[in-house]
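Participant: Pasting a structure below so you can have a look.
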Protein chains: 2
Amino acid sequence: MPQYLATDLEDTIVALSTPQGVGAIGVVRLSGKNAVHICNEVFRGKNLLEQATHTIHFGTIRDDHDKIIDEVTVALFKEPHSYTKENVVEVSCHGSPYIIQKVIELFISYGARLAKPGEFTLRAFMNGRFDLSQAEAVADLISSQSESAHQIALQQMRGGFSNQIEQLREQLVNFAALIELELDFGEEDVEFADRQKLVDLVTTIQTLIRRLRESFTLGNAIKNGVTTVIAGRPNAGKSTLLNAILNEERAIVSDIAGTTRDTIEEVVNIKGVQFRLIDTAGIRDAQDQIEAIGVRKTMETIQKSTILLYVFDIIYTSPVEVHEDLKKLQKEGLEIIAVANKMDLDPYTKPENYVSEIIDAEHIITTSALNHMNIEHLKDSLYDIVLAKKLNSETTIVSNVRHFEALQQSYESLDRVLNGIHSGITGELLAFDIREALHHLGEITGQVDVDRDILGTIFSKFCIGK
Amino acid sequence: MPQYLATDLEDTIVALSTPQGVGAIGVVRLSGKNAVHICNEVFRGKNLLEQATHTIHFGTIRDDHDKIIDEVTVALFKEPHSYTKENVVEVSCHGSPYIIQKVIELFISYGARLAKPGEFTLRAFMNGRFDLSQAEAVADLISSQSESAHQIALQQMRGGFSNQIEQLREQLVNFAALIELELDFGEEDVEFADRQKLVDLVTTIQTLIRRLRESFTLGNAIKNGVTTVIAGRPNAGKSTLLNAILNEERAIVSDIAGTTRDTIEEVVNIKGVQFRLIDTAGIRDAQDQIEAIGVRKTMETIQKSTILLYVFDIIYTSPVEVHEDLKKLQKEGLEIIAVANKMDLDPYTKPENYVSEIIDAEHIITTSALNHMNIEHLKDSLYDIVLAKKLNSETTIVSNVRHFEALQQSYESLDRVLNGIHSGITGELLAFDIREALHHLGEITGQVDVDRDILGTIFSKFCIGK
């Protein structure tokens with residue numbers, strides 16, 4: 001436990017746990033040694049000190065002049081059977097901001113302190129209710145806006161990720177102990193730790209870390225929405241396609257080439273995955289100054305995207321031009337769907353198979369954005385690309401940049417272990433590198449002391465009351 | 001119970017009871033015969049059907065594919081020991097709009113129905129948990145923004161008002177029964193009901209109703225804020241006074257007479273009472289067309305106000321002019337505080353006692369709005385005027401226009417009873433008028449059938465989930 005927080009943990013903290021505003025009820029939460037005692041001072045109904053854990057009691061909250069502030073129900077959670085593993089009291093008041101303010105003020109006057117953001121969850125972590133990656137998942141869970149983001153956060157909160165990290169750590173710990181034992185024997189040339197087995201283990205662990213590291217691209221995309229850029233030559237129908245996917249009129253559409261100058265961003269939820277669709281200015285050698293800026297922005301946007309919908313006009317764009325564009329636009333890790341648009345203009349002379357024959361791209365879809373033709377098929381393809389990255393509830397997906405970096409550092413330490421074994425370095429240096437790898441893995445779950453700044457950063461992102 | 005709602009009561013209803021938005025927790029509430037059963041279908045942890053009332057259980061909510069939606073705590077309230085007197089389940093989820101939507105959808109798929117606004121409280125009323133005036137007080141309590149409004153609502157919710165109405169009704173019911181008994185004896189000239197005692201009772205009840213009716217002016221003012229208009233001749237310092245009371249720069253102040261043309265409204269909370277301060281254009285024979293409209297608006301505003309702060313310039317306004325103004329501005333029920341302003345300009349030649357000697361008004365205060373002199377004293381006076389109307393937590397104050405109207409109608413029926421006795425009308429007509437008075441009193445508490453439209457109006461003002 002970081003030293004600076006030790007005293008803080010003695011306090012009883014209080015906060016509104018439900019969203020701000022007017023509602024039927026609002027829940028004020030107390031946690032700490034004196035939680036039940038403080039509530040009992042202002043509660044009339046029963047003696048709360050004599051009640052069992054996980055029970056609910058009806059009564060009134062009264063101020064120092066015995067004036068009633070509200071009729072409430074009080075839920076008791078006695079330590080360690082609570083979210084924070086401390087005594088917790090949840091007071092359900094009428095959902096009036098006036099009443100809630102009065103109740104919180106009253107608890108403070110009886111010795112509680114206003115909780116900082118995330119402090120309830122911080123205490124849960126400090127008291128061993130769950131590890132750090134699980135605590136972080138609570139914040140992700142609350143802010144998740146799509147089924148996939150929700151699933152990743154839930155799996156992480158329930159310890160799926162922690163378990164995998166823990167397994168890796170346990171195996172390594174054994175080796176580190178054996179190598180350190182060798183050191184105790186000093187000059188004697190003993191080798192308790194089988195070097196070949198160590199190489200095998202480190203290689204296995206690195207494979208696992210690589211998989212987790214790779215999942216981050218997807219995990220991060222899902223958490224923040226899969227960035228999907230719509231690009232193509234002017235007047236290919238990019239904005240019309242965006243509107244068709246959104247099924248509403250969002251982008252300004254005209255048949256004057258170059259209508260879209262700013263990038264337009266919209267969020268669409270396809271089968272539980274959130275996509276950030278970005279419409280862009282057409283790519284061409286722009287003569288107009290403002291348009292030239294738009295084109296540069298388009299290229300920058302593509303650099304940051306996960307999926308590119310390359311839209312081209314089936315009538316006026318030649319296969320050679322399409323190939324030129326695709327070559328120019330591709331980058332590593334970018335999934336490209338080539339969208340042959342305006343099929344409504346000449347569907348007979350250029351049928352679907354013709355298009356897929358002449359265009360050399362992994363994914364090709366023929367559409368008429370104007371007539372909403374094949375738009376559902378396009379949406380399915382977007383989803384399939386994400387699904388192809390093996391998104392299901394059993395897979396562990398890293399979605400947190402802090403975890404990603406710790407995995408990266410751990411991987412590098414393990415690289416040094418392998419190189420060390422090959423070059424026959426001393427057991428001392430080997431043990432050091434293994435410990436370092438262990439440390440970075442431990443940072444993820446908080447099993448090693450985590451820097452106070454890191455803890456501060458993690459919990460300050462929480463809402464007050466959690 | 002109104003017929004049209006009978007079937008509705010059979011359903012199990014569900015709604016989010018906490019405010020919309022992201023928070024640490026959100027509470028989804030189920031109420032109805034099948035509440036526990038429906039929750040049990042999707043809850044994994046314990047068999048909720050076997051658990052006692054007022055207990056809390058930790059577990060998961062799972063969808064039809066056994067996919068976890070959230071980790072939750074479930075609070076059980078078994079009939080009749082709940083807010084609605086039905087089975088009630090409160091599910092505390094993580095406060096993510098995504099999760100809450102999923103949980104509610106799941107409950108609906110298992111047979112619950114989305115609750116209408118105020119439907120939980122409607123059921124509490126229907127099932128005799130409290131009467132109609134108490135149910136209405138719940139909505140007032142949630143929306144109360146000042147201590148006084150909160151106190152009135154709380155007192156009404158806890159049945160103070162209902163008890164008084166009930167006592168009046170009971171006494172009248174006895175008389176009505178005696179008079180109806182006389183009718184059974186037909187031609188025989190019997191008088192079971194002592195006419196003089198009836199006159200005494202009706203007179204007593206009318207006195208009580210008058211007091212309740214009178215309290216409405218204050219009750220309504222407190223509920224919506226005490227309307228306090230600031231008026232006076234141009235350049236008397238009205239806007240400066242408003243700013244001084246608010247302790248901030250709100251109104252545009254200049255020393256050019258006629259700066260304020262629109263009425264400006266600000267809310268200030270003085271010792272727990274909310275005042276709506278309205279600054280107005282100066283009253284004079286305006287030459288400017290726009291200003292003339294301003295003056296007319298001022299007069300209209302005064303008509304709707306509870307308190308008038310009449311501000312005058314202590315140097316340039318003569319006592320005769322002040323008297324003229326006060327005469328013009330007074331109306332029945334309007335409390336006037338005469339504010340002798342600009343004391344900073346000549347405090348020696350016109351000391352306080354001089355002012356109170358020459359000005360004939362109930363409340364006089366000398367101020368310098370510019371130097372914030374005596375502003376706190378002025379605020380105290382505003383509060384005292386409200387307090388003088390005997391606002392304390394024991395007094396019953398009518399704050400609901402529906403109740404006010406029912407009291408009014410009841411009073412008129414009782415008038416007819418008195419007139420009837422004097423003119424010696426038949427027992428039949430007398431009984432009819434008494435029953436009518438009883439009916440109107442009963443409307444307040446809902447003891448008689450209340451019109452479905454009235455119920456609809458009352459409960460549609462509630463938030464969903466209450």
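Chain labels A, B, ... are given in the sequence in which chains occur in the structure tokens; within each chain residues are numbered consecutively from 1, and ligands are likewise numbered from 1 in the order shown.
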Would you list which chain A residues are within 9 Å of chain B using only C-alpha atoms, as a short mmCIF file (atom, residue, chain, number, x, y, z; two decimals) with all heavy atoms, in the first residue's frame?
Facilitator:
data_model
loop_
_atom_site.label_atom_id
_atom_site.label_comp_id
_atom_site.auth_asym_id
_atom_site.auth_seq_id
_atom_site.Cartn_x
_atom_site.Cartn_y
_atom_site.Cartn_z
N LEU A 16 -22.48 11.21 -2.89
CA LEU A 16 -23.65 10.79 -3.65
C LEU A 16 -23.18 9.77 -4.68
O LEU A 16 -22.25 10.05 -5.43
CB LEU A 16 -24.29 12.00 -4.36
CG LEU A 16 -25.43 11.69 -5.32
CD1 LEU A 16 -26.65 11.17 -4.56
CD2 LEU A 16 -25.83 12.92 -6.12
N SER A 17 -23.79 8.59 -4.70
CA SER A 17 -23.33 7.55 -5.61
C SER A 17 -24.13 7.48 -6.90
O SER A 17 -23.72 6.84 -7.86
CB SER A 17 -23.38 6.19 -4.92
OG SER A 17 -22.29 6.06 -4.04
N THR A 18 -25.29 8.11 -6.91
CA THR A 18 -26.12 8.10 -8.11
C THR A 18 -25.86 9.40 -8.88
O THR A 18 -25.30 10.33 -8.33
CB THR A 18 -27.60 7.97 -7.71
OG1 THR A 18 -27.87 8.86 -6.62
CG2 THR A 18 -27.91 6.56 -7.27
N PRO A 19 -26.27 9.46 -10.17
CA PRO A 19 -25.97 10.68 -10.93
C PRO A 19 -26.61 11.92 -10.29
O PRO A 19 -27.62 11.82 -9.59
CB PRO A 19 -26.60 10.39 -12.30
CG PRO A 19 -26.64 8.92 -12.41
CD PRO A 19 -26.88 8.43 -11.01
N GLN A 20 -26.00 13.07 -10.53
CA GLN A 20 -26.54 14.35 -10.08
C GLN A 20 -27.89 14.59 -10.73
O GLN A 20 -28.13 14.11 -11.81
CB GLN A 20 -25.61 15.50 -10.52
CG GLN A 20 -24.25 15.51 -9.88
CD GLN A 20 -24.26 16.06 -8.48
OE1 GLN A 20 -25.25 16.62 -8.04
NE2 GLN A 20 -23.17 15.87 -7.75
N GLY A 21 -28.74 15.37 -10.08
CA GLY A 21 -29.99 15.77 -10.72
C GLY A 21 -31.20 15.31 -9.95
O GLY A 21 -31.09 14.67 -8.91
N VAL A 22 -32.37 15.67 -10.49
CA VAL A 22 -33.63 15.32 -9.83
C VAL A 22 -34.06 13.94 -10.29
O VAL A 22 -34.03 13.63 -11.47
CB VAL A 22 -34.71 16.37 -10.18
CG1 VAL A 22 -36.06 15.93 -9.66
CG2 VAL A 22 -34.33 17.73 -9.61
N GLY A 23 -34.42 13.08 -9.35
CA GLY A 23 -34.90 11.74 -9.69
C GLY A 23 -35.76 11.22 -8.56
O GLY A 23 -35.98 11.92 -7.57
N ALA A 24 -36.29 10.02 -8.73
CA ALA A 24 -37.12 9.45 -7.68
C ALA A 24 -36.29 9.25 -6.41
O ALA A 24 -36.69 9.66 -5.33
CB ALA A 24 -37.73 8.14 -8.14
N ILE A 25 -35.15 8.60 -6.55
CA ILE A 25 -34.29 8.43 -5.38
C ILE A 25 -32.85 8.81 -5.69
O ILE A 25 -32.42 8.85 -6.85
CB ILE A 25 -34.33 6.98 -4.81
CG1 ILE A 25 -33.86 5.98 -5.85
CG2 ILE A 25 -35.69 6.62 -4.29
CD1 ILE A 25 -33.69 4.56 -5.29
N GLY A 26 -32.12 9.12 -4.65
CA GLY A 26 -30.69 9.38 -4.73
C GLY A 26 -30.04 8.59 -3.61
O GLY A 26 -30.60 8.50 -2.52
N VAL A 27 -28.90 7.97 -3.90
CA VAL A 27 -28.26 7.13 -2.88
C VAL A 27 -26.98 7.79 -2.38
O VAL A 27 -26.07 8.07 -3.15
CB VAL A 27 -27.93 5.73 -3.45
CG1 VAL A 27 -27.24 4.87 -2.40
CG2 VAL A 27 -29.20 5.05 -3.95
N THR A 53 -25.78 -7.40 8.87
CA THR A 53 -25.32 -6.93 7.56
C THR A 53 -26.34 -7.33 6.48
O THR A 53 -27.15 -8.24 6.69
CB THR A 53 -23.94 -7.53 7.21
OG1 THR A 53 -23.48 -6.92 5.98
CG2 THR A 53 -24.00 -9.04 7.03
N HIS A 54 -26.34 -6.59 5.37
CA HIS A 54 -27.23 -6.87 4.24
C HIS A 54 -28.70 -6.78 4.61
O HIS A 54 -29.52 -7.57 4.12
CB HIS A 54 -26.91 -8.24 3.61
CG HIS A 54 -25.63 -8.21 2.82
ND1 HIS A 54 -24.41 -7.98 3.40
CD2 HIS A 54 -25.38 -8.38 1.49
CE1 HIS A 54 -23.46 -8.00 2.48
NE2 HIS A 54 -24.01 -8.23 1.31
N THR A 55 -29.03 -5.84 5.51
CA THR A 55 -30.44 -5.61 5.84
C THR A 55 -30.78 -4.15 5.57
O THR A 55 -29.90 -3.29 5.51
CB THR A 55 -30.75 -5.92 7.31
OG1 THR A 55 -29.88 -5.14 8.15
CG2 THR A 55 -30.56 -7.40 7.60
N ILE A 56 -32.08 -3.89 5.39
CA ILE A 56 -32.56 -2.55 5.02
C ILE A 56 -33.52 -2.06 6.10
O ILE A 56 -34.36 -2.84 6.57
CB ILE A 56 -33.30 -2.61 3.67
CG1 ILE A 56 -32.38 -3.19 2.60
CG2 ILE A 56 -33.79 -1.23 3.25
CD1 ILE A 56 -33.13 -3.63 1.36
N HIS A 57 -33.42 -0.77 6.43
CA HIS A 57 -34.24 -0.23 7.53
C HIS A 57 -34.87 1.09 7.14
O HIS A 57 -34.20 1.96 6.59
CB HIS A 57 -33.39 -0.10 8.79
CG HIS A 57 -32.67 -1.37 9.08
ND1 HIS A 57 -33.27 -2.43 9.73
CD2 HIS A 57 -31.42 -1.79 8.71
CE1 HIS A 57 -32.41 -3.43 9.78
NE2 HIS A 57 -31.29 -3.08 9.17
N LYS A 67 -35.20 18.22 13.50
CA LYS A 67 -36.07 18.51 12.36
C LYS A 67 -35.83 17.42 11.31
O LYS A 67 -34.68 17.09 11.00
CB LYS A 67 -35.76 19.89 11.80
CG LYS A 67 -36.90 20.48 11.02
CD LYS A 67 -36.79 22.00 10.92
CE LYS A 67 -35.67 22.41 9.98
NZ LYS A 67 -35.56 23.88 9.85
N ILE A 68 -36.92 16.90 10.76
CA ILE A 68 -36.79 15.82 9.78
C ILE A 68 -36.24 16.37 8.46
O ILE A 68 -36.75 17.36 7.94
CB ILE A 68 -38.15 15.15 9.52
CG1 ILE A 68 -38.67 14.51 10.81
CG2 ILE A 68 -38.03 14.09 8.42
CD1 ILE A 68 -40.06 13.95 10.68
N ILE A 69 -35.23 15.73 7.94
CA ILE A 69 -34.72 16.10 6.62
C ILE A 69 -35.35 15.23 5.55
O ILE A 69 -35.72 15.71 4.49
CB ILE A 69 -33.18 16.01 6.58
CG1 ILE A 69 -32.60 17.08 7.51
CG2 ILE A 69 -32.66 16.19 5.16
CD1 ILE A 69 -31.11 17.12 7.56
N ASP A 70 -35.53 13.95 5.84
CA ASP A 70 -36.18 13.08 4.86
C ASP A 70 -36.57 11.75 5.49
O ASP A 70 -36.02 11.36 6.52
CB ASP A 70 -35.23 12.82 3.67
CG ASP A 70 -35.97 12.35 2.42
OD1 ASP A 70 -37.22 12.37 2.41
OD2 ASP A 70 -35.29 11.95 1.46
N GLU A 71 -37.52 11.11 4.85
CA GLU A 71 -37.81 9.70 5.14
C GLU A 71 -36.94 8.89 4.21
O GLU A 71 -36.91 9.14 3.01
CB GLU A 71 -39.28 9.38 4.88
CG GLU A 71 -40.21 9.97 5.91
CD GLU A 71 -41.66 9.52 5.70
OE1 GLU A 71 -41.97 8.91 4.66
OE2 GLU A 71 -42.49 9.82 6.59
N ALA A 75 -29.45 0.91 3.91
CA ALA A 75 -28.94 -0.45 3.68
C ALA A 75 -27.58 -0.58 4.37
O ALA A 75 -26.73 0.28 4.21
CB ALA A 75 -28.81 -0.72 2.19
N LEU A 76 -27.43 -1.66 5.14
CA LEU A 76 -26.19 -1.87 5.88
C LEU A 76 -25.36 -2.98 5.26
O LEU A 76 -25.88 -4.04 4.90
CB LEU A 76 -26.52 -2.29 7.32
CG LEU A 76 -27.27 -1.30 8.20
CD1 LEU A 76 -27.49 -1.91 9.57
CD2 LEU A 76 -26.48 0.00 8.31
N PHE A 77 -24.06 -2.71 5.12
CA PHE A 77 -23.10 -3.73 4.68
C PHE A 77 -21.97 -3.69 5.69
O PHE A 77 -21.23 -2.70 5.75
CB PHE A 77 -22.56 -3.41 3.29
CG PHE A 77 -23.62 -3.26 2.23
CD1 PHE A 77 -24.28 -2.06 2.04
CD2 PHE A 77 -23.97 -4.35 1.42
CE1 PHE A 77 -25.26 -1.91 1.05
CE2 PHE A 77 -24.93 -4.20 0.42
CZ PHE A 77 -25.58 -2.99 0.24
N HIS A 94 -35.12 10.72 -0.99
CA HIS A 94 -35.86 11.24 -2.13
C HIS A 94 -34.85 11.99 -3.00
O HIS A 94 -33.97 12.67 -2.48
CB HIS A 94 -36.97 12.18 -1.67
CG HIS A 94 -38.15 11.44 -1.09
ND1 HIS A 94 -38.27 11.18 0.25
CD2 HIS A 94 -39.22 10.86 -1.69
CE1 HIS A 94 -39.38 10.48 0.45
NE2 HIS A 94 -39.96 10.27 -0.71
N GLY A 95 -34.99 11.87 -4.32
CA GLY A 95 -33.97 12.38 -5.23
C GLY A 95 -34.01 13.87 -5.45
O GLY A 95 -34.02 14.32 -6.59
N SER A 96 -34.00 14.65 -4.39
CA SER A 96 -33.97 16.11 -4.49
C SER A 96 -32.57 16.59 -4.16
O SER A 96 -32.02 16.26 -3.11
CB SER A 96 -34.98 16.72 -3.51
OG SER A 96 -34.41 17.79 -2.78
N PRO A 97 -31.96 17.38 -5.06
CA PRO A 97 -30.61 17.89 -4.79
C PRO A 97 -30.54 18.61 -3.43
O PRO A 97 -29.54 18.52 -2.74
CB PRO A 97 -30.39 18.87 -5.95
CG PRO A 97 -31.24 18.35 -7.05
CD PRO A 97 -32.47 17.80 -6.38
N TYR A 98 -31.62 19.28 -3.07
CA TYR A 98 -31.64 19.99 -1.78
C TYR A 98 -31.48 18.99 -0.62
O TYR A 98 -30.66 19.18 0.27
CB TYR A 98 -32.94 20.78 -1.63
CG TYR A 98 -33.08 21.41 -0.26
CD1 TYR A 98 -32.46 22.61 0.03
CD2 TYR A 98 -33.77 20.76 0.76
CE1 TYR A 98 -32.54 23.18 1.29
CE2 TYR A 98 -33.86 21.32 2.03
CZ TYR A 98 -33.25 22.52 2.28
OH TYR A 98 -33.31 23.07 3.53
N ILE A 99 -32.27 17.92 -0.65
CA ILE A 99 -32.22 16.93 0.43
C ILE A 99 -30.86 16.25 0.47
O ILE A 99 -30.25 16.09 1.53
CB ILE A 99 -33.34 15.88 0.23
CG1 ILE A 99 -34.70 16.50 0.55
CG2 ILE A 99 -33.09 14.65 1.11
CD1 ILE A 99 -35.89 15.59 0.27
N GLY A 118 -13.40 8.24 -7.20
CA GLY A 118 -12.89 6.86 -7.20
C GLY A 118 -12.45 6.33 -5.85
O GLY A 118 -11.90 5.23 -5.78
N VAL A 138 -13.74 -1.17 -13.57
CA VAL A 138 -15.00 -0.61 -13.04
C VAL A 138 -15.31 0.71 -13.74
O VAL A 138 -16.44 0.94 -14.18
CB VAL A 138 -14.92 -0.41 -11.51
CG1 VAL A 138 -16.16 0.33 -11.01
CG2 VAL A 138 -14.78 -1.75 -10.80
N ALA A 139 -14.27 1.56 -13.87
CA ALA A 139 -14.47 2.85 -14.56
C ALA A 139 -14.84 2.62 -16.02
O ALA A 139 -15.72 3.28 -16.56
CB ALA A 139 -13.23 3.71 -14.45
N LEU A 141 -16.31 0.02 -17.24
CA LEU A 141 -17.65 -0.56 -17.30
C LEU A 141 -18.70 0.53 -17.25
O LEU A 141 -19.66 0.52 -18.03
CB LEU A 141 -17.84 -1.53 -16.12
CG LEU A 141 -19.12 -2.34 -16.15
CD1 LEU A 141 -19.14 -3.28 -17.33
CD2 LEU A 141 -19.30 -3.14 -14.86
N ILE A 142 -18.50 1.49 -16.34
CA ILE A 142 -19.47 2.56 -16.19
C ILE A 142 -19.56 3.42 -17.44
O ILE A 142 -20.63 3.85 -17.85
CB ILE A 142 -19.13 3.43 -14.95
CG1 ILE A 142 -19.41 2.63 -13.67
CG2 ILE A 142 -19.92 4.73 -14.94
CD1 ILE A 142 -18.97 3.30 -12.41
N SER A 143 -18.41 3.62 -18.11
CA SER A 143 -18.44 4.51 -19.27
C SER A 143 -18.64 3.77 -20.58
O SER A 143 -18.70 4.39 -21.64
CB SER A 143 -17.15 5.34 -19.33
OG SER A 143 -16.06 4.48 -19.51
N SER A 144 -18.78 2.44 -20.53
CA SER A 144 -18.92 1.69 -21.77
C SER A 144 -20.25 2.01 -22.45
O SER A 144 -21.27 2.10 -21.81
CB SER A 144 -18.82 0.19 -21.52
OG SER A 144 -19.86 -0.25 -20.68
N GLN A 145 -20.18 2.21 -23.77
CA GLN A 145 -21.37 2.63 -24.49
C GLN A 145 -21.81 1.63 -25.55
O GLN A 145 -22.77 1.88 -26.26
CB GLN A 145 -21.12 3.98 -25.16
CG GLN A 145 -21.10 5.12 -24.16
CD GLN A 145 -20.70 6.42 -24.79
OE1 GLN A 145 -20.73 6.55 -26.00
NE2 GLN A 145 -20.34 7.38 -23.98
N SER A 146 -21.07 0.55 -25.69
CA SER A 146 -21.48 -0.45 -26.67
C SER A 146 -21.31 -1.83 -26.04
O SER A 146 -20.62 -1.98 -25.03
CB SER A 146 -20.63 -0.35 -27.93
OG SER A 146 -19.31 -0.76 -27.64
N GLU A 147 -21.95 -2.81 -26.64
CA GLU A 147 -21.92 -4.14 -26.08
C GLU A 147 -20.50 -4.67 -26.00
O GLU A 147 -20.11 -5.28 -25.00
CB GLU A 147 -22.77 -5.09 -26.93
CG GLU A 147 -22.92 -6.44 -26.26
CD GLU A 147 -23.79 -7.39 -27.07
OE1 GLU A 147 -24.61 -6.91 -27.86
OE2 GLU A 147 -23.62 -8.60 -26.90
N HIS A 150 -18.52 -2.97 -23.29
CA HIS A 150 -19.08 -3.47 -22.04
C HIS A 150 -18.53 -4.86 -21.71
O HIS A 150 -18.12 -5.15 -20.59
CB HIS A 150 -20.61 -3.48 -22.19
CG HIS A 150 -21.33 -4.24 -21.14
ND1 HIS A 150 -21.96 -5.43 -21.40
CD2 HIS A 150 -21.50 -4.01 -19.83
CE1 HIS A 150 -22.50 -5.89 -20.29
NE2 HIS A 150 -22.25 -5.05 -19.32
N GLN A 151 -18.48 -5.73 -22.73
CA GLN A 151 -17.99 -7.10 -22.52
C GLN A 151 -16.52 -7.12 -22.10
O GLN A 151 -16.13 -7.85 -21.20
CB GLN A 151 -18.17 -7.94 -23.79
CG GLN A 151 -19.58 -8.47 -23.99
CD GLN A 151 -20.04 -9.38 -22.86
OE1 GLN A 151 -19.27 -10.17 -22.34
NE2 GLN A 151 -21.29 -9.26 -22.45
N LEU A 154 -16.25 -5.84 -18.52
CA LEU A 154 -16.83 -6.79 -17.56
C LEU A 154 -15.88 -7.97 -17.36
O LEU A 154 -15.65 -8.42 -16.23
CB LEU A 154 -18.19 -7.28 -18.09
CG LEU A 154 -19.11 -7.94 -17.08
CD1 LEU A 154 -19.52 -6.95 -16.00
CD2 LEU A 154 -20.37 -8.46 -17.78
N ARG A 158 -14.11 -8.86 -13.83
CA ARG A 158 -14.33 -10.16 -13.18
C ARG A 158 -13.04 -10.97 -13.10
O ARG A 158 -13.05 -12.13 -12.70
CB ARG A 158 -15.44 -10.92 -13.89
CG ARG A 158 -16.80 -10.28 -13.67
CD ARG A 158 -17.90 -10.97 -14.41
NE ARG A 158 -18.11 -12.35 -13.99
CZ ARG A 158 -18.76 -12.72 -12.92
NH1 ARG A 158 -19.28 -11.83 -12.12
NH2 ARG A 158 -18.92 -13.99 -12.63
N SER A 393 -16.47 -13.27 -25.88
CA SER A 393 -16.42 -12.95 -24.46
C SER A 393 -15.36 -13.77 -23.71
O SER A 393 -14.99 -13.43 -22.61
CB SER A 393 -17.79 -13.15 -23.82
OG SER A 393 -18.26 -14.45 -24.13
N PHE A 462 -12.26 8.35 -12.19
CA PHE A 462 -13.55 7.84 -11.73
C PHE A 462 -14.50 9.00 -11.43
O PHE A 462 -14.08 10.11 -11.21
CB PHE A 462 -13.36 7.05 -10.44
CG PHE A 462 -12.93 5.64 -10.66
CD1 PHE A 462 -11.67 5.35 -11.12
CD2 PHE A 462 -13.79 4.59 -10.38
CE1 PHE A 462 -11.26 4.04 -11.31
CE2 PHE A 462 -13.39 3.28 -10.55
CZ PHE A 462 -12.12 3.00 -11.02
N CYS A 463 -15.79 8.68 -11.36
CA CYS A 463 -16.71 9.67 -10.88
C CYS A 463 -16.69 9.64 -9.35
O CYS A 463 -16.35 8.63 -8.75
CB CYS A 463 -18.13 9.46 -11.41
SG CYS A 463 -18.67 7.76 -11.45
N ILE A 464 -17.05 10.76 -8.75
CA ILE A 464 -17.18 10.81 -7.29
C ILE A 464 -18.33 9.87 -6.91
O ILE A 464 -19.35 9.80 -7.59
CB ILE A 464 -17.47 12.25 -6.82
CG1 ILE A 464 -16.18 13.06 -6.93
CG2 ILE A 464 -18.00 12.28 -5.40
CD1 ILE A 464 -16.27 14.46 -6.38
N GLY A 465 -18.16 9.15 -5.83
CA GLY A 465 -19.24 8.27 -5.37
C GLY A 465 -19.02 6.83 -5.76
O GLY A 465 -19.74 5.94 -5.32
N LYS A 466 -17.98 6.59 -6.63
CA LYS A 466 -17.65 5.20 -6.97
C LYS A 466 -16.40 4.82 -6.26
O LYS A 466 -15.45 5.58 -6.20
CB LYS A 466 -17.45 5.03 -8.48
CG LYS A 466 -17.31 3.57 -8.90
CD LYS A 466 -18.59 2.82 -8.83
CE LYS A 466 -18.47 1.37 -8.45
NZ LYS A 466 -19.74 0.71 -8.30
#
Participant: Excluding Asn34 in chain A and residues on its chain fewer than 4 positions from it, collect all residues at most 8 Å away from it, counting only C-alpha atoms, and give them as a list of chain:residue names.
Facilitator: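 The residues satisfying every condition are A:Thr12, A:Ile38, A:Asn87.
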Participant: As a list in words, please: the residues near Ile152 in chain A (cut-off 8 Å, only C-alpha atoms, same-chain neighbours under 5 positions excluded).
Facilitator: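 Near Ile152 in chain A, the qualifying residues are Gly219, Ser393, Thr396, Ile397 and Ser399 of chain A.
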Participant: Calculate how many Å separate CA of Ile425 in chain A from CA of Asp194 in chain A, rounding to one decimal.
Facilitator: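 These two atoms are separated by 14.6 Å.
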Participant: Would you mind listing what lies within 10 Å of Ile270 in chain A as a ChimeraX atom specification, with only C-alpha atoms counted and same-chain residues fewer than 3 positions away left out?
Facilitator: /A:146-147,245,267,273-275,376,379-380,382-383
Participant: Please provide the set of residues having any atom within 10 Å of Ala193 in chain A, restricted to only C-alpha atoms, with same-chain residues fewer than 3 positions apart removed, written as a list in words.
Facilitator: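 The neighbour list is Asn174, Phe175, Ala176, Ala177, Leu178, Ile179, Glu180, Leu181, Glu182, Val190, Gln196, Lys197, Leu198 and Gly427 of chain A.
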Participant: Which of these, A:Arg402, A:Arg195, A:Lys78, A:Lys271, has the shortest distance to Val450 in chain A once you count only C-alpha atoms?
Facilitator: A:Arg402
Participant: I want to know what sits within 12 Å of Gln447 in chain B, based on only C-alpha atoms, with residues of the same chain fewer than 2 positions away left out; could you give that as a PyMOL selection string?
Facilitator: chain B and resi 1-2+125-126+128+130-133+162+165-166+169-170+438-445+449-451
Participant: So how far away is CA of Leu208 in chain B from CA of Asp415 in chain B, in Å?
Facilitator: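 Separating CA of Asp415 in chain B from CA of Leu208 in chain B is a distance of 13.7 Å.
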Participant: Could you please write out, as a VMD selection string, every residue of range 19-262 of chain A that DSSP assigns to helix (DSSP H, G or I)?
Facilitator: chain A and resid 35 to 42 48 to 50 97 to 109 119 to 126 132 to 143 147 to 157 160 to 184 195 to 224 238 to 246
